[in-house]
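Asks: I have a structure here, written as structure tokens, and I will follow up with some questions on it.
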Amino acid sequence: MTAPTHRVHGVGAEEVPPDWPPLRAQEIAQLLWRYPGLHGDAAVLWHSPRPLSAAALVRTPQRQVFIKRHHARVRTPAQLEEEHRFIAHLAAHGVPVVQVFADRDTHTAVAIGDWTYEVHSVGIGQDLYRQSASWTPLTDPGQAHEAGAMLARLHRAAADYRAPQRSTHLLVARDDLLRADDPIAALHAQLGQRPGLAAYLQHRQWQADLRHALLPWHAGLAARLRAEPRLWAHNDWHVSNLLWQHDGAAMRVSSVLDFGLASPTSALFDLATAIERNAIAWLTPERGMDALHLDTALALIEGYRSVLALEPPRLQLLADLLPLVHVEFALSEVEYFHAVTHSPGNAQVAYDTFLLGHARWFHTAPGQALLQAIGAAA
């Protein structure tokens, strides 16, 4: 079902065969017939290497578009349109996001068989990090500063957006467990509605694992985090989700992409995620201090503070949040790999390396150096 030459990013440094078949000309034609002004002969120009869905850049007689296909177990049209409404709000407030096209029935997410589709305009700018895995650190402090500033602009635009929590946990970043006084009890209460995750956890000593690896970081955090206003946020602010244009010698963010992990969390949660995604070489943690890009982390913060203030207590909260900011997305990946793609090896990596390993890394010398530097950034 998959093209033998098409490979995607795996959970490690290697590229692997995709879980989902790449988009094909016949299904693209069937889909685009629903979109006035886009149907006709279409050609795939590029298949995305991102692993959790199938996506491609497509040329139609009228224009190029970006098409993304999800399995219905991952996103229903209603779940996908939660993201689209947030994108539309940001566009109306001046954030450079791509347009999500509506079909002839005014829907921006379309179900065909077992699949859910979305069709986007092509972003403006250069895709400098097209081939970069999500855990590849950013090494250009100037671009980190610009990325931090754009994130703050997005938060300013999102401040008056009101919508309920996402209707799915799957492949979404949330902070509900972190805001709970007892995250283990809160997760246990969710498992009745998350049978895939429950099925995996029943074979692990998960309560003991979380108590040992996560709860020490959570002490005293919940009440402080609950004081942070809920804010719909991007929650996956890696440079591979940004397009860039030259502004003289500098590079500026010209398009913001991929709101798949978006949900109501907080501004600090989103900024902590940006630091986690861009400033730590998670694929090579054995490099010790060389796995930490402290200049990137501080440049992200300084760029953010060039637009929105961050008082010293909130900077300390940002540091304290970092060891746990990954928790709910890691659990959602465990659920996805175990119950959707049936990939036991990937589920184990998501649990041991991602969920537990990332929290433990912050006890190491580079992890401690990062937390101390952020807390002292005032």
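Every chain in the structure tokens takes a letter, A first, then B, and so on in the order presented; its residues are numbered from 1, and the ligands are numbered from 1 following the presented order.
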Can you list, as a list of chain:residue names, every protein, DNA or RNA residue that comes within 7 Å of A:Ala56 when you count only C-alpha atoms, leaving out same-chain residues fewer than 2 positions away?

Replies: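 Skipping anything fewer than 2 positions along the chain leaves A:Leu23, A:Val44, A:Trp46, A:His47, A:Ser48, A:Val58, A:Phe66, A:Ile67, A:Lys68.
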
Asks: Okay, now the selection with C-alpha atoms, as an mmCIF file, in the first residue's frame?

Replies:
```cif
data_model
loop_
_atom_site.group_PDB
_atom_site.id
_atom_site.type_symbol
_atom_site.label_atom_id
_atom_site.label_comp_id
_atom_site.auth_asym_id
_atom_site.auth_seq_id
_atom_site.Cartn_x
_atom_site.Cartn_y
_atom_site.Cartn_z
ATOM 1 C CA LEU A 23 -1.580 10.211 -1.187
ATOM 2 C CA VAL A 44 1.855 15.325 -6.515
ATOM 3 C CA TRP A 46 6.286 16.267 -2.887
ATOM 4 C CA HIS A 47 5.324 13.823 -0.135
ATOM 5 C CA SER A 48 5.805 15.051 3.422
ATOM 6 C CA VAL A 58 -0.139 19.072 -5.009
ATOM 7 C CA PHE A 66 -1.178 21.220 0.525
ATOM 8 C CA ILE A 67 -3.366 18.185 1.245
ATOM 9 C CA LYS A 68 -3.270 16.262 4.499
#
```

Asks: Could you give me, as a PyMOL selection string, the residues within 12 Å of A:His89, counting only C-alpha atoms and dropping anything in the same chain fewer than 4 positions from it?

Replies: chain A and resi 82-85+93-100+154-163+232-233

Asks: Which is closer to A:Leu191 than all the others in A:Ala54, A:Ala377, A:Leu355, A:Leu331, using only C-alpha atoms?

Replies: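 Nearest to A:Leu191: A:Leu331.
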
Asks: Counting only C-alpha atoms, which residues of stretch 181-276 of chain A sit at most 10 Å from some atom of stretch 116-124 of chain A, and what is each one's closest atom pair with its distance in Å to one decimal, listed by chain and rising residue number, as JSON lines?

Replies:
```
{"residue": "A:Leu242", "atom": "CA", "partner": "A:Gly123", "partner_atom": "CA", "distance": 9.0}
{"residue": "A:Leu243", "atom": "CA", "partner": "A:Ile124", "partner_atom": "CA", "distance": 6.8}
{"residue": "A:Trp244", "atom": "CA", "partner": "A:Ile124", "partner_atom": "CA", "distance": 7.8}
{"residue": "A:Gln245", "atom": "CA", "partner": "A:Ile124", "partner_atom": "CA", "distance": 8.2}
{"residue": "A:Val253", "atom": "CA", "partner": "A:Ile124", "partner_atom": "CA", "distance": 9.4}
{"residue": "A:Ser254", "atom": "CA", "partner": "A:Ile124", "partner_atom": "CA", "distance": 6.0}
{"residue": "A:Ser255", "atom": "CA", "partner": "A:Gly123", "partner_atom": "CA", "distance": 5.7}
{"residue": "A:Val256", "atom": "CA", "partner": "A:Gly123", "partner_atom": "CA", "distance": 7.8}
{"residue": "A:Leu257", "atom": "CA", "partner": "A:Gly123", "partner_atom": "CA", "distance": 7.7}
```

Asks: Kindly export the residues of the current selection with N, CA, C and O atoms, as a PDB file, in the first residue's frame.

Replies:
```pdb
ATOM      1  N   LEU A 242       7.553  26.359  10.648  1.00  0.00           N
ATOM      2  CA  LEU A 242       7.608  27.765  10.278  1.00  0.00           C
ATOM      3  C   LEU A 242       8.238  27.906   8.900  1.00  0.00           C
ATOM      4  O   LEU A 242       9.151  27.152   8.548  1.00  0.00           O
ATOM      5  N   LEU A 243       7.763  28.867   8.106  1.00  0.00           N
ATOM      6  CA  LEU A 243       8.398  29.243   6.855  1.00  0.00           C
ATOM      7  C   LEU A 243       9.061  30.606   7.042  1.00  0.00           C
ATOM      8  O   LEU A 243       8.638  31.403   7.883  1.00  0.00           O
ATOM      9  N   TRP A 244      10.073  30.869   6.215  1.00  0.00           N
ATOM     10  CA  TRP A 244      10.958  32.015   6.452  1.00  0.00           C
ATOM     11  C   TRP A 244      11.170  32.823   5.179  1.00  0.00           C
ATOM     12  O   TRP A 244      11.156  32.284   4.070  1.00  0.00           O
ATOM     13  N   GLN A 245      11.372  34.156   5.368  1.00  0.00           N
ATOM     14  CA  GLN A 245      11.751  35.059   4.282  1.00  0.00           C
ATOM     15  C   GLN A 245      12.890  35.944   4.739  1.00  0.00           C
ATOM     16  O   GLN A 245      13.013  36.269   5.927  1.00  0.00           O
ATOM     17  N   VAL A 253       9.939  35.061  10.165  1.00  0.00           N
ATOM     18  CA  VAL A 253       8.892  34.061   9.996  1.00  0.00           C
ATOM     19  C   VAL A 253       7.813  34.640   9.088  1.00  0.00           C
ATOM     20  O   VAL A 253       7.257  35.707   9.361  1.00  0.00           O
ATOM     21  N   SER A 254       7.514  33.922   8.000  1.00  0.00           N
ATOM     22  CA  SER A 254       6.517  34.402   7.040  1.00  0.00           C
ATOM     23  C   SER A 254       5.252  33.562   7.025  1.00  0.00           C
ATOM     24  O   SER A 254       4.228  34.006   6.504  1.00  0.00           O
ATOM     25  N   SER A 255       5.297  32.348   7.570  1.00  0.00           N
ATOM     26  CA  SER A 255       4.099  31.508   7.680  1.00  0.00           C
ATOM     27  C   SER A 255       4.245  30.582   8.881  1.00  0.00           C
ATOM     28  O   SER A 255       5.336  30.091   9.158  1.00  0.00           O
ATOM     29  N   VAL A 256       3.126  30.361   9.561  1.00  0.00           N
ATOM     30  CA  VAL A 256       3.062  29.410  10.680  1.00  0.00           C
ATOM     31  C   VAL A 256       2.190  28.243  10.240  1.00  0.00           C
ATOM     32  O   VAL A 256       1.074  28.434   9.762  1.00  0.00           O
ATOM     33  N   LEU A 257       2.713  27.032  10.421  1.00  0.00           N
ATOM     34  CA  LEU A 257       2.060  25.823   9.922  1.00  0.00           C
ATOM     35  C   LEU A 257       1.687  24.879  11.059  1.00  0.00           C
ATOM     36  O   LEU A 257       2.183  25.010  12.171  1.00  0.00           O
TER      37      LEU A 257
END
```

Asks: With distances taken over only C-alpha atoms, which residue among A:Pro18, A:Gly248, A:Gly148, A:Pro137 lies nearest A:Leu308?

Replies: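 Once distances to A:Leu308 are computed over only C-alpha atoms, the minimum belongs to A:Gly148.
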